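> Next comes the structure file final_30.cif, holding mmCIF, C-alpha atoms and all ligand atoms.
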```
data_my_file
#
loop_
_atom_site.label_atom_id
_atom_site.label_comp_id
_atom_site.auth_asym_id
_atom_site.auth_seq_id
_atom_site.Cartn_x
_atom_site.Cartn_y
_atom_site.Cartn_z
CA MET A 25 -19.31 10.95 -4.90
CA SER A 26 -20.50 7.59 -3.70
CA ILE A 27 -19.07 4.08 -3.87
CA THR A 28 -18.98 2.96 -7.50
CA ILE A 29 -19.68 -0.67 -8.41
CA LYS A 30 -17.36 -2.03 -11.07
CA SER A 31 -18.68 -4.30 -13.84
CA PRO A 32 -16.88 -7.53 -14.75
CA GLU A 33 -15.39 -5.65 -17.74
CA ASP A 34 -14.15 -2.86 -15.45
CA ILE A 35 -12.62 -5.43 -13.11
CA GLU A 36 -10.82 -7.12 -15.99
CA LYS A 37 -9.16 -3.77 -16.77
CA MET A 38 -8.29 -3.27 -13.09
CA ARG A 39 -6.76 -6.77 -13.05
CA VAL A 40 -4.38 -5.61 -15.77
CA ALA A 41 -3.47 -2.35 -14.01
CA GLY A 42 -3.13 -4.19 -10.70
CA ARG A 43 -0.87 -6.91 -12.05
CA LEU A 44 1.34 -4.27 -13.68
CA ALA A 45 1.72 -2.48 -10.33
CA GLY A 46 2.73 -5.79 -8.71
CA GLU A 47 5.19 -6.43 -11.54
CA VAL A 48 6.92 -3.11 -10.88
CA LEU A 49 7.63 -4.39 -7.36
CA ASP A 50 8.89 -7.70 -8.80
CA TYR A 51 11.16 -5.74 -11.16
CA ILE A 52 12.64 -3.42 -8.52
CA GLU A 53 13.26 -6.06 -5.84
CA PRO A 54 16.84 -7.02 -6.89
CA PHE A 55 17.84 -3.33 -6.94
CA VAL A 56 16.86 -2.70 -3.31
CA LYS A 57 20.35 -3.09 -1.83
CA PRO A 58 22.64 -1.02 0.43
CA GLY A 59 24.06 2.00 -1.44
CA ILE A 60 21.20 2.68 -3.87
CA SER A 61 19.11 5.79 -3.18
CA SER A 62 15.35 5.95 -3.20
CA ALA A 63 15.60 8.54 -6.01
CA GLU A 64 17.44 5.97 -8.11
CA LEU A 65 14.73 3.39 -7.32
CA ASP A 66 12.13 5.97 -8.34
CA LYS A 67 13.86 6.57 -11.67
CA LEU A 68 14.11 2.83 -12.40
CA CYS A 69 10.43 2.29 -11.57
CA HIS A 70 9.36 5.36 -13.54
CA ASP A 71 11.21 4.23 -16.65
CA TYR A 72 9.87 0.68 -16.31
CA MET A 73 6.25 1.87 -16.00
CA VAL A 74 6.50 4.37 -18.85
CA ASN A 75 8.80 2.59 -21.33
CA ILE A 76 8.20 -1.12 -20.70
CA GLN A 77 4.64 -1.28 -19.35
CA ASP A 78 3.26 1.69 -21.29
CA CYS A 79 1.39 2.92 -18.26
CA VAL A 80 1.28 6.13 -16.22
CA PRO A 81 2.76 6.41 -12.71
CA ALA A 82 -0.23 7.82 -10.81
CA PRO A 83 1.74 9.57 -8.02
CA LEU A 84 3.67 11.91 -10.36
CA ASN A 85 2.13 15.40 -9.99
CA TYR A 86 -0.80 13.97 -8.03
CA ALA A 87 -2.29 16.87 -6.09
CA PRO A 88 -5.26 16.17 -3.84
CA PRO A 89 -6.90 19.26 -2.26
CA GLY A 90 -4.52 20.87 0.25
CA TYR A 91 -1.40 19.14 -1.11
CA GLN A 92 1.47 20.27 -3.34
CA PRO A 93 1.77 18.14 -6.49
CA TYR A 94 3.66 14.96 -5.57
CA PRO A 95 7.12 15.28 -7.18
CA LYS A 96 8.00 11.63 -7.85
CA SER A 97 6.59 8.47 -9.44
CA ILE A 98 6.69 6.16 -6.41
CA CYS A 99 6.57 6.49 -2.63
CA ALA A 100 9.55 5.16 -0.65
CA SER A 101 9.06 5.14 3.13
CA ILE A 102 12.11 4.12 5.15
CA ASN A 103 12.28 2.94 8.79
CA HIS A 104 10.25 5.45 10.88
CA GLN A 105 8.60 6.88 7.77
CA VAL A 106 4.98 5.72 7.73
CA CYS A 107 3.89 6.51 4.16
CA HIS A 108 4.24 8.92 1.24
CA GLY A 109 8.04 9.07 1.64
CA VAL A 110 9.37 11.28 -1.15
CA PRO A 111 12.36 9.60 -2.84
CA ASN A 112 15.69 11.38 -2.22
CA ASP A 113 19.43 10.98 -2.83
CA ARG A 114 20.39 9.34 0.49
CA PRO A 115 21.73 5.81 0.01
CA LEU A 116 19.89 2.95 1.67
CA LYS A 117 21.83 1.28 4.50
CA LYS A 118 22.16 -2.32 5.66
CA GLY A 119 19.40 -2.94 8.18
CA ASP A 120 16.91 -0.42 6.75
CA ILE A 121 13.33 -1.48 6.08
CA VAL A 122 11.64 0.28 3.18
CA ASN A 123 8.14 0.34 1.77
CA LEU A 124 7.82 0.94 -1.96
CA ASP A 125 4.33 1.94 -3.03
CA ILE A 126 3.42 1.71 -6.72
CA THR A 127 0.29 3.00 -8.40
CA THR A 128 -0.15 2.45 -12.13
CA ILE A 129 -2.76 3.83 -14.51
CA LYS A 130 -3.41 1.56 -17.49
CA ASP A 131 -6.19 2.23 -19.97
CA GLY A 132 -7.66 4.75 -17.48
CA TRP A 133 -7.80 2.30 -14.55
CA HIS A 134 -5.66 2.28 -11.39
CA GLY A 135 -3.76 -0.48 -9.57
CA ASP A 136 -2.19 0.27 -6.17
CA THR A 137 0.11 -2.02 -4.18
CA SER A 138 3.07 -1.79 -1.82
CA ARG A 139 5.54 -4.15 -0.18
CA MET A 140 8.23 -4.00 2.45
CA PHE A 141 11.87 -4.70 1.56
CA LEU A 142 14.66 -5.63 3.95
CA VAL A 143 17.91 -3.89 2.96
CA GLY A 144 21.03 -6.10 3.23
CA GLY A 145 21.28 -9.09 5.51
CA GLU A 146 21.36 -7.41 8.90
CA VAL A 147 17.83 -6.32 9.65
CA SER A 148 16.99 -6.45 13.37
CA ILE A 149 14.68 -9.12 14.77
CA LEU A 150 12.31 -6.35 15.85
CA ALA A 151 12.12 -4.89 12.34
CA ARG A 152 11.62 -8.31 10.74
CA ARG A 153 8.84 -9.10 13.18
CA LEU A 154 7.11 -5.77 12.52
CA VAL A 155 7.28 -6.39 8.77
CA ALA A 156 5.91 -9.94 9.14
CA ILE A 157 3.07 -9.00 11.51
CA THR A 158 2.08 -6.07 9.27
CA HIS A 159 1.90 -8.47 6.32
CA GLU A 160 -0.36 -10.69 8.43
CA CYS A 161 -2.47 -7.60 9.24
CA LEU A 162 -2.96 -7.00 5.51
CA TRP A 163 -4.11 -10.59 5.03
CA VAL A 164 -6.41 -10.79 8.04
CA GLY A 165 -8.04 -7.68 6.58
CA ILE A 166 -8.30 -9.21 3.09
CA SER A 167 -9.71 -12.43 4.55
CA ALA A 168 -12.55 -10.47 6.16
CA VAL A 169 -13.83 -9.27 2.75
CA LYS A 170 -17.05 -10.88 1.55
CA PRO A 171 -20.34 -9.64 0.12
CA GLY A 172 -22.85 -8.95 2.87
CA GLY A 173 -20.07 -8.20 5.35
CA HIS A 174 -19.09 -4.69 6.44
CA LEU A 175 -16.02 -2.56 5.97
CA GLY A 176 -15.73 -2.43 9.76
CA ASP A 177 -15.03 -6.17 9.75
CA VAL A 178 -11.82 -5.45 7.85
CA GLY A 179 -10.64 -2.71 10.20
CA ALA A 180 -11.54 -4.68 13.30
CA ALA A 181 -9.58 -7.74 12.14
CA ILE A 182 -6.50 -5.64 11.38
CA GLN A 183 -6.60 -3.69 14.63
CA ARG A 184 -7.04 -6.83 16.69
CA HIS A 185 -4.09 -8.57 15.06
CA ALA A 186 -1.79 -5.52 15.38
CA GLU A 187 -2.65 -4.77 18.99
CA LYS A 188 -2.53 -8.40 20.08
CA ASN A 189 1.09 -8.36 18.90
CA GLY A 190 1.93 -5.16 20.80
CA TYR A 191 1.82 -2.76 17.86
CA SER A 192 -0.34 0.26 17.04
CA VAL A 193 -2.43 1.18 13.99
CA VAL A 194 -2.01 4.55 12.26
CA LYS A 195 -5.46 6.18 12.22
CA GLU A 196 -4.96 9.24 10.00
CA PHE A 197 -4.44 7.37 6.73
CA CYS A 198 -6.56 4.59 5.34
CA GLY A 199 -7.25 2.40 2.35
CA HIS A 200 -9.60 3.71 -0.31
CA GLY A 201 -11.91 2.90 -3.15
CA ILE A 202 -10.05 2.88 -6.44
CA GLY A 203 -10.95 2.64 -10.12
CA ARG A 204 -10.90 5.38 -12.71
CA HIS A 205 -9.72 7.62 -9.85
CA PHE A 206 -6.72 7.04 -7.55
CA HIS A 207 -8.70 7.70 -4.36
CA GLU A 208 -12.45 7.08 -4.34
CA GLU A 209 -15.01 6.31 -1.68
CA PRO A 210 -15.14 4.44 0.61
CA GLN A 211 -12.43 5.12 3.18
CA VAL A 212 -11.10 1.78 4.39
CA LEU A 213 -10.14 2.26 8.03
CA HIS A 214 -7.58 -0.13 9.49
CA TYR A 215 -9.35 -0.10 12.86
CA GLY A 216 -12.94 -0.22 14.01
CA LYS A 217 -15.77 -2.51 15.00
CA ARG A 218 -17.26 -5.52 13.25
CA GLY A 219 -20.55 -4.67 11.60
CA ASP A 220 -19.76 -0.95 11.29
CA GLY A 221 -19.45 0.98 8.07
CA PRO A 222 -20.74 0.39 4.55
CA ARG A 223 -22.01 -3.05 3.58
CA LEU A 224 -19.72 -4.86 1.13
CA GLU A 225 -21.20 -5.60 -2.28
CA THR A 226 -19.95 -7.59 -5.23
CA GLY A 227 -18.14 -5.23 -7.61
CA MET A 228 -16.72 -2.88 -4.99
CA VAL A 229 -12.98 -2.37 -5.40
CA PHE A 230 -10.76 -0.85 -2.70
CA THR A 231 -7.29 -1.01 -1.24
CA ILE A 232 -6.30 -2.37 2.14
CA GLU A 233 -2.99 -0.86 3.28
CA PRO A 234 -2.41 -1.01 7.02
CA MET A 235 0.34 1.19 8.48
CA ILE A 236 1.52 -0.42 11.72
CA ASN A 237 3.93 1.17 14.21
CA ALA A 238 6.27 -0.60 16.62
CA GLY A 239 5.69 2.25 19.11
CA LYS A 240 2.83 4.71 19.51
CA ALA A 241 0.26 5.42 16.80
CA ALA A 242 0.85 9.19 16.56
CA ILE A 243 2.35 10.59 13.36
CA SER A 244 3.68 13.87 12.03
CA GLU A 245 4.26 15.35 8.59
CA LEU A 246 7.69 16.48 7.38
CA PRO A 247 8.16 19.99 5.94
CA ASP A 248 8.14 18.54 2.39
CA GLY A 249 4.35 18.40 2.85
CA TRP A 250 4.17 14.68 2.02
CA THR A 251 6.40 12.38 4.05
CA ILE A 252 4.65 11.02 7.15
CA VAL A 253 6.76 9.80 10.10
CA THR A 254 6.02 8.32 13.50
CA LYS A 255 6.01 11.02 16.16
CA ASP A 256 8.10 8.85 18.51
CA ARG A 257 10.44 7.86 15.63
CA SER A 258 9.59 4.18 16.14
CA LEU A 259 9.69 1.88 13.12
CA SER A 260 6.62 1.64 10.89
CA ALA A 261 5.65 -0.88 8.22
CA GLN A 262 2.97 -1.08 5.52
CA TRP A 263 1.75 -3.55 2.90
CA GLU A 264 -0.98 -2.88 0.34
CA HIS A 265 -3.15 -4.73 -2.15
CA THR A 266 -6.11 -3.71 -4.33
CA ILE A 267 -9.10 -5.98 -3.66
CA ALA A 268 -12.34 -6.66 -5.52
CA VAL A 269 -15.39 -7.96 -3.66
CA THR A 270 -16.63 -11.05 -5.54
CA ALA A 271 -19.79 -13.15 -5.24
CA THR A 272 -17.95 -15.60 -3.00
CA GLY A 273 -15.47 -13.39 -1.15
CA TYR A 274 -12.58 -11.43 -2.60
CA GLU A 275 -10.10 -11.29 -5.44
CA VAL A 276 -6.67 -9.68 -5.03
CA LEU A 277 -6.11 -7.64 -8.19
CA THR A 278 -2.45 -6.74 -7.51
CA LEU A 279 -0.95 -10.23 -7.41
CA SER A 280 2.10 -10.89 -9.58
CA ALA A 281 4.70 -13.67 -9.82
CA GLY A 282 6.81 -12.22 -6.99
CA ALA A 283 3.98 -11.36 -4.57
CA GLN A 284 4.26 -12.86 -1.10
CA PRO A 285 1.54 -15.46 -0.59
CA LYS A 286 -1.11 -15.26 2.12
CA PRO A 287 0.69 -16.33 5.30
CA ALA A 288 -0.12 -19.85 6.48
CA GLY A 289 -2.03 -20.37 9.73
CA LEU A 290 -3.69 -16.97 10.16
CA PRO A 291 -6.55 -16.69 12.68
N1 LIG A 301 -0.15 5.02 -3.09
C1 LIG A 301 -0.62 5.74 -1.92
C2 LIG A 301 -1.84 5.01 -1.46
O1 LIG A 301 -1.72 3.84 -1.24
C3 LIG A 301 -0.92 7.16 -2.19
C4 LIG A 301 0.24 7.94 -2.57
S1 LIG A 301 -0.24 9.54 -2.97
C5 LIG A 301 1.16 10.15 -3.58
O2 LIG A 301 -2.92 5.50 -1.37
F1 LIG A 301 0.87 11.24 -4.16
F2 LIG A 301 2.02 10.27 -2.58
F3 LIG A 301 1.67 9.29 -4.43
CO CO A 302 -3.59 3.06 -1.71
CO CO A 303 -0.39 2.78 -2.49
#
```
Write out the structure in this file as structure tokens.


Amino acid sequence: MSITIKSPEDIEKMRVAGRLAGEVLDYIEPFVKPGISSAELDKLCHDYMVNIQDCVPAPLNYAPPGYQPYPKSICASINHQVCHGVPNDRPLKKGDIVNLDITTIKDGWHGDTSRMFLVGGEVSILARRLVAITHECLWVGISAVKPGGHLGDVGAAIQRHAEKNGYSVVKEFCGHGIGRHFHEEPQVLHYGKRGDGPRLETGMVFTIEPMINAGKAAISELPDGWTIVTKDRSLSAQWEHTIAVTATGYEVLTLSAGAQPKPAGLP
């Protein structure tokens, strides 16, 4: 399959799915406190998506080639977990950092977004800085999106910002085209060279979702077949939005009332 171009009507439907995904994160935010488990957060999000939003949680039973069906409705990646953390019964602790990744399907179209949450009031300076710089990495990537540019411009901007701040970029997982399918072409690398890769065209829709490690870039997979962790057990952070290429630049399709704004004063 190749990169599909979405019509204005398609993008209107993706705006709806995207906003709903963002609104799940708005909804769950007050529940992310010490003592709650990621399985409880999963159940709350699942019920909200199905019963309140009337949409489908895309992760549940999602089974790309070579994977077991994903058993839950959200991903919850804590501390040294990089992505695809499978929710479980362990309570969150003060000082944890957790990524919650939500993908909705509404009217056949997908919206995919994730945020970092600080658990309790005692998160280390190092963890806060990693979370903040990773959010900046997301936005330097988004800011590089414009028609006529290249996907490599996005990766290069992210890599430069992460490495300049002493962090490393996970290479094995990337952003992705999205639309009627959860994962479509193109692959959106979070590293690379300006001018490389496919040319960006109005109507392309893809996610940008950098995974940034405080230590080395290497990862490993847990025996559950899904959860990815840093090999050196250093902290990892991730933020994600779904982006449409517009005639003048970009539109973020996964904004909602509680979304963090673009950080001020980015390069
Ligand atoms: N939401 C993830 C992404 O951003 C993918 C999760 S796949 C799942 O691409 F099966 F783990 F949900
Ligand atoms: Co994604
Ligand atoms: Co996601």

> Write as a list in words the residues around ligand CO 302 (chain A), taking 6 Å as the cut-off and counting all atoms listed in the file.

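So, counting all atoms listed in the file, the residues near ligand CO 302 (chain A) are Asp136, Gly199 and Thr231 of chain A.
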
> Write out as a tab-separated table the residues of chain A that have any atom within 6 Å of an atom of ligand CO 303 (chain A), one row each with the nearest atom pair and its distance in Å to one decimal, counting only C-alpha atoms and all ligand atoms, sorted by chain and then rising number.


```
residue	atom	partner	partner_atom	distance
A:Asp125	CA	A:CO303	CO	4.8
A:Ile126	CA	A:CO303	CO	5.8
A:Thr127	CA	A:CO303	CO	6.0
A:Asp136	CA	A:CO303	CO	4.8
A:Thr137	CA	A:CO303	CO	5.1
A:Ser138	CA	A:CO303	CO	5.8
```

> Hey, what's within 10 Å of Ala242 in chain A if we count all atoms listed in the file and toss same-chain stuff fewer than 3 positions away? As a JSON list (two decimals) with C-alpha atoms, in the coordinates of the input, please?


```json
[["chain", "number", "residue", "atom", "x", "y", "z"],
["A", 192, "SER", "CA", -0.34, 0.26, 17.04],
["A", 193, "VAL", "CA", -2.43, 1.18, 13.99],
["A", 194, "VAL", "CA", -2.01, 4.55, 12.26],
["A", 195, "LYS", "CA", -5.46, 6.18, 12.22],
["A", 196, "GLU", "CA", -4.96, 9.24, 10.00],
["A", 237, "ASN", "CA", 3.93, 1.17, 14.21],
["A", 239, "GLY", "CA", 5.69, 2.25, 19.11],
["A", 253, "VAL", "CA", 6.76, 9.80, 10.10],
["A", 254, "THR", "CA", 6.02, 8.32, 13.50],
["A", 255, "LYS", "CA", 6.01, 11.02, 16.16],
["A", 256, "ASP", "CA", 8.10, 8.85, 18.51],
["A", 257, "ARG", "CA", 10.44, 7.86, 15.63]]
```

> Check the smallest atom-to-atom distance from each of A:Ala181, A:Met73, A:Leu124, A:Leu175 to ligand LIG 301 (chain A) using all atoms listed in the file, then report the winner.

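Closest candidate: A:Leu124.
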
> Counting all atoms listed in the file, figure out which residue out of A:Leu84, A:Ile166, A:Ala241, A:Val48 gets nearest to His265 in chain A.

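Nearest to His265 in chain A: A:Ile166.
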
> Rank A:Asp78, A:Glu208, A:Asp177, A:Asp220 by their smallest atom-to-atom distance to ligand LIG 301 (chain A), using all atoms listed in the file, and report the top residue only.

A:Glu208

> Using all atoms listed in the file, which residues sit within 6 Å of His134 in chain A once same-chain residues fewer than 3 positions away are excluded, as a PyMOL selection string?

chain A and resi 41+128-129+203

> Of the candidates A:Gly172, A:Gly201, A:Gly179, A:Gly145, which one gets nearest to ligand LIG 301 (chain A) if we count all atoms listed in the file?

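The answer is A:Gly201, which sits nearest to ligand LIG 301 (chain A).
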
> Please identify the residues whose atoms come within 8 Å of ligand LIG 301 (chain A), using all atoms listed in the file, and report them as a PyMOL selection string.

chain A and resi 82-88+93-94+96-99+107-110+125-127+136-138+198-200+206-207+231+233+250+264

> Just C-alpha atoms for this one: save the residues we selected as a PDB file, in the coordinates of the input.


```
ATOM      1  CA  ALA A  82      -0.230   7.820 -10.810  1.00  0.00           C
ATOM      2  CA  PRO A  83       1.740   9.570  -8.020  1.00  0.00           C
ATOM      3  CA  LEU A  84       3.670  11.910 -10.360  1.00  0.00           C
ATOM      4  CA  ASN A  85       2.130  15.400  -9.990  1.00  0.00           C
ATOM      5  CA  TYR A  86      -0.800  13.970  -8.030  1.00  0.00           C
ATOM      6  CA  ALA A  87      -2.290  16.870  -6.090  1.00  0.00           C
ATOM      7  CA  PRO A  88      -5.260  16.170  -3.840  1.00  0.00           C
ATOM      8  CA  PRO A  93       1.770  18.140  -6.490  1.00  0.00           C
ATOM      9  CA  TYR A  94       3.660  14.960  -5.570  1.00  0.00           C
ATOM     10  CA  LYS A  96       8.000  11.630  -7.850  1.00  0.00           C
ATOM     11  CA  SER A  97       6.590   8.470  -9.440  1.00  0.00           C
ATOM     12  CA  ILE A  98       6.690   6.160  -6.410  1.00  0.00           C
ATOM     13  CA  CYS A  99       6.570   6.490  -2.630  1.00  0.00           C
ATOM     14  CA  CYS A 107       3.890   6.510   4.160  1.00  0.00           C
ATOM     15  CA  HIS A 108       4.240   8.920   1.240  1.00  0.00           C
ATOM     16  CA  GLY A 109       8.040   9.070   1.640  1.00  0.00           C
ATOM     17  CA  VAL A 110       9.370  11.280  -1.150  1.00  0.00           C
ATOM     18  CA  ASP A 125       4.330   1.940  -3.030  1.00  0.00           C
ATOM     19  CA  ILE A 126       3.420   1.710  -6.720  1.00  0.00           C
ATOM     20  CA  THR A 127       0.290   3.000  -8.400  1.00  0.00           C
ATOM     21  CA  ASP A 136      -2.190   0.270  -6.170  1.00  0.00           C
ATOM     22  CA  THR A 137       0.110  -2.020  -4.180  1.00  0.00           C
ATOM     23  CA  SER A 138       3.070  -1.790  -1.820  1.00  0.00           C
ATOM     24  CA  CYS A 198      -6.560   4.590   5.340  1.00  0.00           C
ATOM     25  CA  GLY A 199      -7.250   2.400   2.350  1.00  0.00           C
ATOM     26  CA  HIS A 200      -9.600   3.710  -0.310  1.00  0.00           C
ATOM     27  CA  PHE A 206      -6.720   7.040  -7.550  1.00  0.00           C
ATOM     28  CA  HIS A 207      -8.700   7.700  -4.360  1.00  0.00           C
ATOM     29  CA  THR A 231      -7.290  -1.010  -1.240  1.00  0.00           C
ATOM     30  CA  GLU A 233      -2.990  -0.860   3.280  1.00  0.00           C
ATOM     31  CA  TRP A 250       4.170  14.680   2.020  1.00  0.00           C
ATOM     32  CA  GLU A 264      -0.980  -2.880   0.340  1.00  0.00           C
TER      33      GLU A 264
END
```

> Between A:Pro234, A:Tyr51, A:Gly173, A:Gln183, single out the one closest to Pro222 in chain A, counting only C-alpha atoms.

A:Gly173

> Have a look at A:Val143, A:Val164, A:Ile102, A:Ile243 and name the one nearest to Pro287 in chain A; count all atoms listed in the file.

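Smallest separation from Pro287 in chain A among the options: A:Val164.
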
> How many Å separate CA of Ala281 in chain A from CA of Gly46 in chain A?

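Taking CA of Ala281 in chain A as the start and CA of Gly46 in chain A as the end point, the length is 8.2 Å.
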
> Could you rebuild range 33-42 of chain A with all heavy atoms and give it back as a PDB file, in the frame of the given file?


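Saved the output as part_8.pdb:
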```pdb
ATOM      1  N   GLU A  33     -16.317  -6.214 -16.737  1.00  0.00           N
ATOM      2  CA  GLU A  33     -15.390  -5.650 -17.740  1.00  0.00           C
ATOM      3  C   GLU A  33     -14.446  -4.639 -17.092  1.00  0.00           C
ATOM      4  O   GLU A  33     -13.258  -4.585 -17.416  1.00  0.00           O
ATOM      5  CB  GLU A  33     -16.170  -4.967 -18.873  1.00  0.00           C
ATOM      6  CG  GLU A  33     -17.010  -5.897 -19.735  1.00  0.00           C
ATOM      7  CD  GLU A  33     -18.288  -6.421 -19.047  1.00  0.00           C
ATOM      8  OE1 GLU A  33     -18.848  -5.718 -18.159  1.00  0.00           O
ATOM      9  OE2 GLU A  33     -18.727  -7.543 -19.381  1.00  0.00           O
ATOM     10  N   ASP A  34     -14.995  -3.821 -16.183  1.00  0.00           N
ATOM     11  CA  ASP A  34     -14.150  -2.860 -15.450  1.00  0.00           C
ATOM     12  C   ASP A  34     -13.088  -3.624 -14.642  1.00  0.00           C
ATOM     13  O   ASP A  34     -11.908  -3.243 -14.612  1.00  0.00           O
ATOM     14  CB  ASP A  34     -14.975  -2.035 -14.463  1.00  0.00           C
ATOM     15  CG  ASP A  34     -16.037  -1.174 -15.129  1.00  0.00           C
ATOM     16  OD1 ASP A  34     -15.935  -0.926 -16.351  1.00  0.00           O
ATOM     17  OD2 ASP A  34     -16.977  -0.749 -14.410  1.00  0.00           O
ATOM     18  N   ILE A  35     -13.538  -4.680 -13.982  1.00  0.00           N
ATOM     19  CA  ILE A  35     -12.620  -5.430 -13.110  1.00  0.00           C
ATOM     20  C   ILE A  35     -11.533  -6.103 -13.941  1.00  0.00           C
ATOM     21  O   ILE A  35     -10.375  -6.164 -13.520  1.00  0.00           O
ATOM     22  CB  ILE A  35     -13.406  -6.406 -12.207  1.00  0.00           C
ATOM     23  CG1 ILE A  35     -14.184  -5.562 -11.179  1.00  0.00           C
ATOM     24  CG2 ILE A  35     -12.481  -7.409 -11.514  1.00  0.00           C
ATOM     25  CD1 ILE A  35     -14.998  -6.327 -10.187  1.00  0.00           C
ATOM     26  N   GLU A  36     -11.864  -6.544 -15.125  1.00  0.00           N
ATOM     27  CA  GLU A  36     -10.820  -7.120 -15.990  1.00  0.00           C
ATOM     28  C   GLU A  36      -9.746  -6.060 -16.288  1.00  0.00           C
ATOM     29  O   GLU A  36      -8.546  -6.355 -16.246  1.00  0.00           O
ATOM     30  CB  GLU A  36     -11.453  -7.654 -17.290  1.00  0.00           C
ATOM     31  CG  GLU A  36     -10.447  -8.185 -18.303  1.00  0.00           C
ATOM     32  CD  GLU A  36      -9.449  -9.201 -17.743  1.00  0.00           C
ATOM     33  OE1 GLU A  36      -9.796  -9.967 -16.819  1.00  0.00           O
ATOM     34  OE2 GLU A  36      -8.293  -9.226 -18.232  1.00  0.00           O
ATOM     35  N   LYS A  37     -10.159  -4.822 -16.516  1.00  0.00           N
ATOM     36  CA  LYS A  37      -9.160  -3.770 -16.770  1.00  0.00           C
ATOM     37  C   LYS A  37      -8.353  -3.471 -15.508  1.00  0.00           C
ATOM     38  O   LYS A  37      -7.153  -3.202 -15.553  1.00  0.00           O
ATOM     39  CB  LYS A  37      -9.853  -2.512 -17.278  1.00  0.00           C
ATOM     40  CG  LYS A  37     -10.518  -2.732 -18.632  1.00  0.00           C
ATOM     41  CD  LYS A  37     -10.735  -1.427 -19.357  1.00  0.00           C
ATOM     42  CE  LYS A  37     -11.453  -1.645 -20.678  1.00  0.00           C
ATOM     43  NZ  LYS A  37     -12.858  -1.194 -20.641  1.00  0.00           N
ATOM     44  N   MET A  38      -9.011  -3.531 -14.350  1.00  0.00           N
ATOM     45  CA  MET A  38      -8.290  -3.270 -13.090  1.00  0.00           C
ATOM     46  C   MET A  38      -7.331  -4.409 -12.756  1.00  0.00           C
ATOM     47  O   MET A  38      -6.302  -4.195 -12.119  1.00  0.00           O
ATOM     48  CB  MET A  38      -9.278  -3.044 -11.944  1.00  0.00           C
ATOM     49  CG  MET A  38     -10.087  -1.770 -12.137  1.00  0.00           C
ATOM     50  SD  MET A  38     -10.900  -1.224 -10.635  1.00  0.00           S
ATOM     51  CE  MET A  38      -9.488  -0.618  -9.696  1.00  0.00           C
ATOM     52  N   ARG A  39      -7.676  -5.615 -13.199  1.00  0.00           N
ATOM     53  CA  ARG A  39      -6.760  -6.770 -13.050  1.00  0.00           C
ATOM     54  C   ARG A  39      -5.451  -6.490 -13.782  1.00  0.00           C
ATOM     55  O   ARG A  39      -4.374  -6.795 -13.295  1.00  0.00           O
ATOM     56  CB  ARG A  39      -7.442  -7.980 -13.667  1.00  0.00           C
ATOM     57  CG  ARG A  39      -7.409  -9.236 -12.846  1.00  0.00           C
ATOM     58  CD  ARG A  39      -8.212 -10.329 -13.533  1.00  0.00           C
ATOM     59  NE  ARG A  39      -9.409 -10.634 -12.791  1.00  0.00           N
ATOM     60  CZ  ARG A  39     -10.633 -10.705 -13.277  1.00  0.00           C
ATOM     61  NH1 ARG A  39     -10.878 -10.507 -14.574  1.00  0.00           N
ATOM     62  NH2 ARG A  39     -11.638 -10.974 -12.492  1.00  0.00           N
ATOM     63  N   VAL A  40      -5.579  -5.914 -14.969  1.00  0.00           N
ATOM     64  CA  VAL A  40      -4.380  -5.610 -15.770  1.00  0.00           C
ATOM     65  C   VAL A  40      -3.552  -4.535 -15.069  1.00  0.00           C
ATOM     66  O   VAL A  40      -2.351  -4.707 -14.844  1.00  0.00           O
ATOM     67  CB  VAL A  40      -4.776  -5.175 -17.196  1.00  0.00           C
ATOM     68  CG1 VAL A  40      -3.553  -4.718 -17.971  1.00  0.00           C
ATOM     69  CG2 VAL A  40      -5.501  -6.308 -17.921  1.00  0.00           C
ATOM     70  N   ALA A  41      -4.196  -3.434 -14.692  1.00  0.00           N
ATOM     71  CA  ALA A  41      -3.470  -2.350 -14.010  1.00  0.00           C
ATOM     72  C   ALA A  41      -2.856  -2.856 -12.701  1.00  0.00           C
ATOM     73  O   ALA A  41      -1.716  -2.517 -12.359  1.00  0.00           O
ATOM     74  CB  ALA A  41      -4.424  -1.184 -13.725  1.00  0.00           C
ATOM     75  N   GLY A  42      -3.600  -3.680 -11.985  1.00  0.00           N
ATOM     76  CA  GLY A  42      -3.130  -4.190 -10.700  1.00  0.00           C
ATOM     77  C   GLY A  42      -1.931  -5.107 -10.867  1.00  0.00           C
ATOM     78  O   GLY A  42      -0.947  -5.002 -10.126  1.00  0.00           O
TER      79      GLY A  42
END
```
